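Trainee: What follows is structure.csv, CSV, C-alpha atoms.
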chain,number,residue,atom,x,y,z
A,1,MET,CA,-8.7,-70.6,64.1
A,2,GLY,CA,-9.8,-66.9,64.2
A,3,ALA,CA,-13.2,-65.7,65.3
A,4,VAL,CA,-15.9,-68.4,65.5
A,5,PRO,CA,-19.3,-68.6,67.3
A,6,PHE,CA,-18.2,-69.1,70.9
A,7,ASP,CA,-20.4,-69.8,73.9
A,8,ARG,CA,-19.1,-67.6,76.8
A,9,SER,CA,-21.3,-69.5,79.3
A,10,VAL,CA,-18.7,-72.2,79.2
A,11,LEU,CA,-16.2,-69.7,80.6
A,12,LYS,CA,-18.6,-68.5,83.2
A,13,VAL,CA,-19.2,-72.1,84.5
A,14,ASN,CA,-15.4,-72.7,84.5
A,15,GLN,CA,-14.9,-69.5,86.6
A,16,VAL,CA,-17.6,-70.3,89.1
A,17,ILE,CA,-16.3,-73.8,89.6
A,18,LEU,CA,-12.8,-72.5,90.0
A,19,MET,CA,-13.7,-69.7,92.4
A,20,ALA,CA,-16.0,-71.8,94.6
A,21,GLY,CA,-13.7,-74.8,94.7
A,22,LEU,CA,-10.5,-72.9,95.4
A,23,ALA,CA,-12.1,-70.7,98.0
A,24,ALA,CA,-13.6,-73.7,99.8
A,25,GLY,CA,-10.2,-75.5,99.6
A,26,TYR,CA,-8.6,-72.4,101.1
A,27,LEU,CA,-11.1,-72.1,104.0
A,28,VAL,CA,-10.7,-75.8,104.9
A,29,SER,CA,-6.9,-75.5,104.6
A,30,LEU,CA,-6.9,-72.9,107.4
A,31,ALA,CA,-7.7,-75.8,109.7
A,32,ARG,CA,-6.3,-78.7,107.7
A,33,PRO,CA,-3.3,-77.8,105.4
A,34,LEU,CA,-3.9,-81.1,103.4
A,35,ALA,CA,-6.8,-79.3,101.8
A,36,ALA,CA,-4.2,-77.7,99.6
A,37,ILE,CA,-4.9,-80.8,97.5
A,38,ALA,CA,-7.4,-78.4,95.8
A,39,LEU,CA,-4.5,-76.7,94.1
A,40,PRO,CA,-3.3,-79.6,92.0
A,41,LEU,CA,-6.9,-80.8,91.4
A,42,PHE,CA,-7.9,-77.5,89.9
A,43,ALA,CA,-4.5,-77.2,88.1
A,44,ALA,CA,-5.3,-80.5,86.4
A,45,MET,CA,-8.8,-79.3,85.5
A,46,MET,CA,-7.4,-76.0,84.0
A,47,LEU,CA,-4.5,-77.6,82.1
A,48,HIS,CA,-6.7,-80.4,80.8
A,49,GLY,CA,-9.2,-77.8,79.7
A,50,ALA,CA,-6.5,-75.8,77.9
A,51,ALA,CA,-5.1,-79.0,76.2
A,52,VAL,CA,-8.4,-80.6,75.2
A,53,PRO,CA,-11.1,-78.0,75.3
A,54,PRO,CA,-14.0,-80.3,74.1
A,55,GLN,CA,-13.3,-82.6,77.1
A,56,SER,CA,-12.9,-80.0,79.8
A,57,LEU,CA,-15.0,-80.7,82.9
A,58,PRO,CA,-16.8,-77.4,83.1
A,59,ARG,CA,-17.7,-77.6,79.4
A,60,VAL,CA,-19.1,-81.1,79.8
A,61,LEU,CA,-21.0,-80.1,82.9
A,62,TYR,CA,-22.4,-77.1,81.0
A,63,LEU,CA,-23.4,-79.0,77.8
A,64,LYS,CA,-24.7,-82.1,79.5
A,65,VAL,CA,-26.4,-80.7,82.6
A,66,LEU,CA,-26.7,-77.0,83.0
A,67,LYS,CA,-27.7,-75.9,79.5
A,68,PRO,CA,-30.2,-78.7,78.7
A,69,ARG,CA,-32.0,-78.0,82.0
A,70,GLY,CA,-32.0,-74.3,81.4
A,71,LEU,CA,-30.0,-73.5,84.5
A,72,VAL,CA,-27.4,-71.5,82.4
A,73,ARG,CA,-28.4,-69.8,79.2
A,74,PRO,CA,-26.0,-69.7,76.2
A,75,ARG,CA,-24.2,-66.4,75.5
A,76,VAL,CA,-22.8,-66.9,72.1
A,77,ALA,CA,-20.3,-64.3,70.7
A,78,ILE,CA,-18.2,-64.3,67.6
A,79,GLU,CA,-14.6,-64.3,68.9
A,80,ASP,CA,-11.4,-66.2,68.8
A,81,PRO,CA,-11.3,-68.9,71.6
A,82,ALA,CA,-7.5,-69.0,71.5
A,83,PRO,CA,-6.9,-66.1,74.1
A,84,HIS,CA,-9.3,-67.8,76.5
A,85,ARG,CA,-7.5,-71.1,76.1
A,86,PHE,CA,-4.2,-69.3,76.8
A,87,ALA,CA,-5.8,-67.6,79.9
A,88,GLN,CA,-6.8,-71.1,81.1
A,89,LEU,CA,-3.3,-72.3,80.5
A,90,VAL,CA,-1.9,-69.4,82.6
A,91,GLY,CA,-4.3,-70.2,85.4
A,92,GLY,CA,-3.3,-73.8,85.3
A,93,VAL,CA,0.4,-73.0,85.4
A,94,PHE,CA,-0.2,-70.7,88.4
A,95,LEU,CA,-2.1,-73.4,90.2
A,96,ALA,CA,0.6,-76.0,89.3
A,97,ALA,CA,3.2,-73.7,90.7
A,98,GLY,CA,1.1,-73.3,93.8
A,99,SER,CA,0.9,-77.1,94.1
A,100,VAL,CA,4.7,-77.4,94.0
A,101,LEU,CA,5.0,-74.7,96.7
A,102,ALA,CA,2.4,-76.5,98.8
A,103,LEU,CA,4.3,-79.7,98.4
A,104,ALA,CA,7.4,-77.9,99.7
A,105,GLY,CA,5.4,-76.8,102.7
A,106,LEU,CA,5.2,-73.1,101.6
A,107,TYR,CA,1.4,-72.8,102.1
A,108,VAL,CA,1.2,-69.0,102.2
A,109,ALA,CA,3.0,-68.7,98.9
A,110,ALA,CA,0.9,-71.5,97.5
A,111,TRP,CA,-2.4,-70.0,98.5
A,112,THR,CA,-1.3,-66.6,97.4
A,113,LEU,CA,-1.1,-68.0,93.9
A,114,GLY,CA,-4.4,-69.7,94.4
A,115,TRP,CA,-6.0,-66.4,95.4
A,116,ILE,CA,-4.5,-64.6,92.4
A,117,VAL,CA,-6.3,-67.2,90.2
A,118,ILE,CA,-9.5,-66.7,92.2
A,119,ALA,CA,-9.3,-62.9,91.9
A,120,LEU,CA,-8.6,-63.0,88.1
A,121,ALA,CA,-11.4,-65.5,87.6
A,122,PHE,CA,-13.7,-63.1,89.5
A,123,LEU,CA,-12.6,-60.2,87.3
A,124,ASN,CA,-13.4,-62.2,84.2
A,125,PHE,CA,-16.7,-63.5,85.6
A,126,ALA,CA,-18.0,-60.2,86.9
A,127,PHE,CA,-16.5,-57.7,84.5
A,128,ASP,CA,-15.4,-59.7,81.4
A,129,VAL,CA,-11.9,-58.5,82.1
A,130,CYS,CA,-9.7,-61.4,80.9
A,131,VAL,CA,-6.2,-60.7,82.1
A,132,GLY,CA,-4.8,-63.8,80.4
A,133,CYS,CA,-6.3,-62.6,77.1
A,134,ILE,CA,-4.5,-59.3,77.5
A,135,MET,CA,-1.3,-61.2,78.1
A,136,TYR,CA,-2.0,-63.2,75.0
A,137,ALA,CA,-2.5,-60.0,72.9
A,138,GLN,CA,0.8,-58.6,74.3
A,139,LEU,CA,2.7,-61.8,73.5
A,140,VAL,CA,1.3,-61.9,70.0
A,141,ARG,CA,2.3,-58.2,69.6
A,142,ALA,CA,5.8,-58.9,70.9
A,143,GLY,CA,6.1,-61.8,68.5
A,144,VAL,CA,6.5,-64.4,71.3
A,145,LEU,CA,3.2,-66.2,70.2
A,146,PRO,CA,2.5,-66.8,66.5
A,147,GLN,CA,0.7,-64.1,64.6
A,148,ARG,CA,-2.9,-64.9,63.7
A,149,ARG,CA,-5.0,-63.5,61.0
A,150,SER,CA,-7.5,-61.1,62.6
A,151,ALA,CA,-11.1,-62.1,62.0
A,152,ALA,CA,-12.2,-58.7,63.4
B,1,MET,CA,-0.1,-66.6,108.4
B,2,LEU,CA,-2.2,-68.5,105.9
B,3,ALA,CA,-4.9,-65.9,106.4
B,4,LEU,CA,-2.7,-63.4,104.7
B,5,ALA,CA,-2.8,-65.2,101.4
B,6,PRO,CA,-5.8,-63.4,100.0
B,7,LEU,CA,-4.3,-60.1,101.1
B,8,LEU,CA,-1.0,-60.9,99.4
B,9,ALA,CA,-2.8,-61.9,96.2
B,10,VAL,CA,-4.7,-58.6,96.1
B,11,THR,CA,-1.5,-56.7,96.7
B,12,VAL,CA,0.2,-58.5,93.8
B,13,ILE,CA,-2.7,-57.7,91.5
B,14,ALA,CA,-2.9,-54.1,92.8
B,15,VAL,CA,0.9,-53.5,92.1
B,16,ALA,CA,0.4,-55.0,88.6
B,17,ALA,CA,-2.6,-52.7,88.0
B,18,VAL,CA,-0.6,-49.6,89.2
B,19,ALA,CA,2.3,-50.6,86.9
B,20,LEU,CA,-0.1,-50.9,84.0
B,21,ARG,CA,-1.7,-47.5,84.8
B,22,ALA,CA,1.8,-45.9,85.0
B,23,GLY,CA,2.5,-47.4,81.6
B,24,GLN,CA,-0.7,-45.9,80.2
B,25,ALA,CA,0.2,-42.5,81.7
B,26,ARG,CA,3.6,-42.7,80.0
B,27,GLN,CA,1.9,-43.6,76.7
B,28,ARG,CA,-0.3,-40.4,77.0
B,29,ARG,CA,2.7,-38.2,77.8
B,30,HIS,CA,4.6,-39.7,74.9
B,31,LEU,CA,1.8,-39.1,72.4
B,32,VAL,CA,-0.6,-36.3,73.3
B,33,GLY,CA,0.4,-33.0,71.7
B,34,HIS,CA,2.9,-34.6,69.5
B,35,VAL,CA,2.9,-35.3,65.8
B,36,VAL,CA,2.5,-39.1,65.6
B,37,GLY,CA,3.6,-39.8,62.0
B,38,VAL,CA,0.4,-41.0,60.5
B,39,SER,CA,-0.6,-39.6,57.2
B,40,ALA,CA,-3.7,-37.5,57.8
B,41,GLU,CA,-5.7,-35.6,55.3
B,42,ARG,CA,-8.4,-35.2,57.8
B,43,PRO,CA,-8.8,-35.9,61.5
B,44,SER,CA,-8.9,-39.6,62.5
B,45,ILE,CA,-9.5,-42.0,65.3
B,46,LEU,CA,-6.8,-44.7,65.3
B,47,TYR,CA,-8.4,-47.8,66.8
B,48,PHE,CA,-5.9,-50.4,67.9
B,49,SER,CA,-7.6,-53.8,68.1
B,50,GLY,CA,-6.9,-57.5,67.6
B,51,ALA,CA,-8.5,-60.8,67.2
B,52,ALA,CA,-7.6,-61.6,70.8
B,53,CYS,CA,-9.4,-58.6,72.2
B,54,THR,CA,-12.9,-59.4,73.5
B,55,VAL,CA,-13.7,-55.9,74.6
B,56,CYS,CA,-12.8,-54.6,71.1
B,57,HIS,CA,-15.5,-56.8,69.5
B,58,THR,CA,-18.2,-56.5,72.2
B,59,ALA,CA,-17.9,-52.9,73.2
B,60,GLN,CA,-15.4,-50.7,71.3
B,61,ARG,CA,-16.5,-51.5,67.8
B,62,PRO,CA,-20.2,-51.0,68.6
B,63,ALA,CA,-19.3,-47.7,70.3
B,64,LEU,CA,-17.4,-46.5,67.1
B,65,GLU,CA,-20.3,-47.7,65.0
B,66,ARG,CA,-22.7,-45.6,67.1
B,67,LEU,CA,-20.5,-42.6,66.5
B,68,ALA,CA,-20.0,-43.3,62.8
B,69,PRO,CA,-23.0,-41.2,61.5
B,70,GLU,CA,-21.6,-38.1,63.2
B,71,LEU,CA,-18.1,-38.6,61.9
B,72,GLU,CA,-19.1,-39.2,58.3
B,73,GLY,CA,-17.0,-36.9,56.0
B,74,ARG,CA,-15.3,-35.3,59.0
B,75,VAL,CA,-13.3,-37.9,60.9
B,76,GLU,CA,-11.9,-41.1,59.6
B,77,VAL,CA,-11.8,-44.2,61.8
B,78,ARG,CA,-8.7,-46.4,61.1
B,79,GLU,CA,-8.7,-49.8,62.6
B,80,ILE,CA,-5.2,-51.2,63.2
B,81,ASP,CA,-4.7,-54.9,64.1
B,82,VAL,CA,-1.7,-54.9,66.5
B,83,ALA,CA,-0.8,-58.4,65.4
B,84,GLU,CA,-0.6,-57.3,61.7
B,85,GLN,CA,1.1,-54.0,62.4
B,86,PRO,CA,3.2,-54.6,65.5
B,87,ALA,CA,5.7,-51.9,64.7
B,88,LEU,CA,3.0,-49.2,64.5
B,89,ALA,CA,1.5,-50.6,67.8
B,90,ARG,CA,5.0,-50.3,69.4
B,91,SER,CA,5.5,-46.8,68.2
B,92,PHE,CA,2.2,-45.8,69.9
B,93,LYS,CA,3.3,-47.7,73.0
B,94,VAL,CA,0.0,-49.7,73.0
B,95,MET,CA,-0.1,-51.6,76.2
B,96,SER,CA,-3.7,-52.7,76.3
B,97,LEU,CA,-6.5,-53.3,73.8
B,98,PRO,CA,-8.6,-51.5,72.7
B,99,THR,CA,-6.6,-48.3,72.5
B,100,THR,CA,-8.0,-45.3,70.6
B,101,VAL,CA,-6.0,-42.2,69.6
B,102,VAL,CA,-7.7,-39.0,68.4
B,103,VAL,CA,-5.5,-37.4,65.7
B,104,ASP,CA,-6.1,-34.0,64.1
B,105,ALA,CA,-5.6,-33.1,60.4
B,106,GLY,CA,-2.0,-32.1,61.2
B,107,GLY,CA,-1.2,-35.6,62.4
B,108,ARG,CA,-1.0,-34.4,66.1
B,109,ALA,CA,-2.4,-36.8,68.8
B,110,ARG,CA,-5.1,-34.9,70.8
B,111,ALA,CA,-6.3,-37.7,73.1
B,112,VAL,CA,-5.3,-41.3,74.0
B,113,ASN,CA,-7.6,-43.8,75.5
B,114,ALA,CA,-6.1,-47.0,76.9
B,115,GLY,CA,-8.9,-49.4,77.3
B,116,PHE,CA,-12.6,-49.0,76.3
B,117,ALA,CA,-13.6,-45.5,75.2
B,118,SER,CA,-17.3,-44.9,75.0
B,119,ALA,CA,-18.9,-43.0,72.1
B,120,ALA,CA,-19.7,-40.2,74.5
B,121,LEU,CA,-16.0,-39.9,75.6
B,122,LEU,CA,-14.7,-40.0,72.0
B,123,ARG,CA,-17.3,-37.4,70.9
B,124,THR,CA,-16.2,-35.1,73.8
B,125,GLN,CA,-12.6,-35.5,72.9
B,126,LEU,CA,-13.3,-34.7,69.2
B,127,ARG,CA,-15.3,-31.6,70.2
B,128,ASP,CA,-12.7,-30.5,72.7
B,129,ALA,CA,-10.1,-30.7,70.0
B,130,GLY,CA,-12.4,-28.7,67.7
B,131,LEU,CA,-12.6,-31.7,65.3
B,132,LEU,CA,-16.4,-32.0,65.6
B,133,PRO,CA,-19.0,-29.3,65.8
B,134,VAL,CA,-20.3,-28.8,69.4
B,135,ALA,CA,-23.9,-28.4,68.3
B,136,GLU,CA,-24.2,-31.7,66.4
B,137,GLY,CA,-24.5,-35.2,67.5
B,138,SER,CA,-26.7,-36.9,70.1
B,139,ALA,CA,-26.2,-38.3,73.6
B,140,ALA,CA,-24.6,-41.7,73.7
Could I get this file's structure written as structure tokens?
Mentor:
Amino acid sequence: MGAVPFDRSVLKVNQVILMAGLAAGYLVSLARPLAAIALPLFAAMMLHGAAVPPQSLPRVLYLKVLKPRGLVRPRVAIEDPAPHRFAQLVGGVFLAAGSVLALAGLYVAAWTLGWIVIALAFLNFAFDVCVGCIMYAQLVRAGVLPQRRSAA
Amino acid sequence: MLALAPLLAVTVIAVAAVALRAGQARQRRHLVGHVVGVSAERPSILYFSGAACTVCHTAQRPALERLAPELEGRVEVREIDVAEQPALARSFKVMSLPTTVVVDAGGRARAVNAGFASAALLRTQLRDAGLLPVAEGSAA
């Protein structure tokens, strides 16, 4: 696809939902382990968003509610959305793995993965450091992912 | 025990960050002071970038553009897309994007920056290497 106009506010909304939802799930799970249901729920949200970006829940929320009401302003940049999509896929895979661990009763390991996702979402939200995007670049460089034409 | 999960997550990320830092330090040791095998008729800044690198587009390129008037005729900026030239990126042990390498006219690497390098930092590195006059240029 290459670089296209890309609204970074969609990413920010996604990160806020993820951080708030997972942190809340974790806090509740300290008393009620069943709250680990947050892990598969957010895994599904992330994986669905990576598979079908136009239908992702944060994007729909942003475009239908937050943006029209002026609650979140657009931040359009010219960039390739593929790395962000990959980062979302990585987050979804981490949460899916956490869900499996939670199912196996390994709650500490499960929520460790959950907190890694929270921390990485925070890094991206606060400092625009997208670790998944860095991984994407490394994998392209190593030839694991297909080479794309730079639109830089 | 569950209360330890955030601590464990931060530990995992910290270990990964330390490993990345160690890799970047190895990269500097590998390059700085050595002839790096790029043809150089005049000093250059090798700027490793890629379509996937957000910071490259939003920060590094604008920093290089701010510096460009001071470099004109003295220092060449060469942008290298790591996806298009993976062998070159490997030879420079590029671990993160952007990466900038200051190379003198003899083809010797004088400074390596893994991650964003501000115009001020690059200007200082060029001046320290004697590749840019000290009196010229403005604050970043």
Trainee: Could you check how far CA of Leu27 (chain A) sits from CA of Trp111 (chain A), in Å to one decimal?
Mentor: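 Interatomic distance, CA of Leu27 (chain A) to CA of Trp111 (chain A): 10.5 Å.
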Trainee: Of the residues B:Val101, B:Val32, B:Ala14, B:Val75, which is the one nearest to chain A, using only C-alpha atoms?
Mentor: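 The answer is B:Ala14, which sits nearest to chain A.
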Trainee: Find the distance between CA of Leu11 (chain A) and CA of Gly70 (chain A) and write it in Å to one decimal.
Mentor: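 Distance between the two atoms: 16.5 Å.
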Trainee: Using CA of Glu79 (chain B) and CA of Phe125 (chain A) as the two end points, give the distance in Å to one decimal.
Mentor: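 So the answer is 27.9 Å.
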Trainee: Could you list, as an mmCIF file with C-alpha atoms, keeping the file's coordinate frame, the residues of chain B having an atom within 9 Å of chain A when counting only C-alpha atoms?
Mentor:
data_model
loop_
_atom_site.group_PDB
_atom_site.id
_atom_site.type_symbol
_atom_site.label_atom_id
_atom_site.label_comp_id
_atom_site.auth_asym_id
_atom_site.auth_seq_id
_atom_site.Cartn_x
_atom_site.Cartn_y
_atom_site.Cartn_z
ATOM 1 C CA MET B 1 -0.100 -66.600 108.400
ATOM 2 C CA LEU B 2 -2.200 -68.500 105.900
ATOM 3 C CA ALA B 3 -4.900 -65.900 106.400
ATOM 4 C CA LEU B 4 -2.700 -63.400 104.700
ATOM 5 C CA ALA B 5 -2.800 -65.200 101.400
ATOM 6 C CA PRO B 6 -5.800 -63.400 100.000
ATOM 7 C CA LEU B 7 -4.300 -60.100 101.100
ATOM 8 C CA LEU B 8 -1.000 -60.900 99.400
ATOM 9 C CA ALA B 9 -2.800 -61.900 96.200
ATOM 10 C CA VAL B 10 -4.700 -58.600 96.100
ATOM 11 C CA VAL B 12 0.200 -58.500 93.800
ATOM 12 C CA ILE B 13 -2.700 -57.700 91.500
ATOM 13 C CA SER B 49 -7.600 -53.800 68.100
ATOM 14 C CA GLY B 50 -6.900 -57.500 67.600
ATOM 15 C CA ALA B 51 -8.500 -60.800 67.200
ATOM 16 C CA ALA B 52 -7.600 -61.600 70.800
ATOM 17 C CA CYS B 53 -9.400 -58.600 72.200
ATOM 18 C CA THR B 54 -12.900 -59.400 73.500
ATOM 19 C CA VAL B 55 -13.700 -55.900 74.600
ATOM 20 C CA CYS B 56 -12.800 -54.600 71.100
ATOM 21 C CA HIS B 57 -15.500 -56.800 69.500
ATOM 22 C CA THR B 58 -18.200 -56.500 72.200
ATOM 23 C CA ASP B 81 -4.700 -54.900 64.100
ATOM 24 C CA VAL B 82 -1.700 -54.900 66.500
ATOM 25 C CA ALA B 83 -0.800 -58.400 65.400
ATOM 26 C CA GLU B 84 -0.600 -57.300 61.700
ATOM 27 C CA GLN B 85 1.100 -54.000 62.400
ATOM 28 C CA PRO B 86 3.200 -54.600 65.500
ATOM 29 C CA ALA B 87 5.700 -51.900 64.700
ATOM 30 C CA ALA B 89 1.500 -50.600 67.800
ATOM 31 C CA ARG B 90 5.000 -50.300 69.400
ATOM 32 C CA MET B 95 -0.100 -51.600 76.200
ATOM 33 C CA SER B 96 -3.700 -52.700 76.300
ATOM 34 C CA LEU B 97 -6.500 -53.300 73.800
#
Trainee: Calculated over all atoms listed in the file, which of the candidates B:Leu67, B:Leu88, B:Ile80, B:Ala114 has the smallest distance to Ala25 (chain B)?
Mentor: B:Ala114
Trainee: What would region 98-110 of chain A look like with N, CA and C atoms in place, written as a short mmCIF file (atom, residue, chain, number, x, y, z; two decimals), in the coordinates of the input?
Mentor:
data_model
loop_
_atom_site.label_atom_id
_atom_site.label_comp_id
_atom_site.auth_asym_id
_atom_site.auth_seq_id
_atom_site.Cartn_x
_atom_site.Cartn_y
_atom_site.Cartn_z
N GLY A 98 1.58 -73.33 92.45
CA GLY A 98 1.10 -73.30 93.80
C GLY A 98 1.13 -74.72 94.42
N SER A 99 0.85 -75.72 93.61
CA SER A 99 0.90 -77.10 94.10
C SER A 99 2.30 -77.50 94.51
N VAL A 100 3.28 -77.08 93.71
CA VAL A 100 4.70 -77.40 94.00
C VAL A 100 5.07 -76.70 95.34
N LEU A 101 4.65 -75.44 95.48
CA LEU A 101 5.00 -74.70 96.70
C LEU A 101 4.30 -75.37 97.92
N ALA A 102 3.07 -75.84 97.74
CA ALA A 102 2.40 -76.50 98.80
C ALA A 102 3.10 -77.81 99.22
N LEU A 103 3.56 -78.51 98.19
CA LEU A 103 4.30 -79.70 98.40
C LEU A 103 5.58 -79.46 99.27
N ALA A 104 6.16 -78.27 99.01
CA ALA A 104 7.40 -77.90 99.70
C ALA A 104 7.04 -77.30 101.10
N GLY A 105 5.76 -77.26 101.43
CA GLY A 105 5.40 -76.80 102.70
C GLY A 105 5.18 -75.25 102.79
N LEU A 106 5.30 -74.60 101.64
CA LEU A 106 5.20 -73.10 101.60
C LEU A 106 3.69 -72.77 101.30
N TYR A 107 2.86 -72.98 102.30
CA TYR A 107 1.40 -72.80 102.10
C TYR A 107 0.97 -71.40 101.81
N VAL A 108 1.62 -70.44 102.46
CA VAL A 108 1.20 -69.00 102.20
C VAL A 108 1.45 -68.65 100.78
N ALA A 109 2.65 -68.98 100.28
CA ALA A 109 3.00 -68.70 98.90
C ALA A 109 2.03 -69.44 97.95
N ALA A 110 1.78 -70.71 98.30
CA ALA A 110 0.90 -71.50 97.50
C ALA A 110 -0.48 -70.95 97.35
#
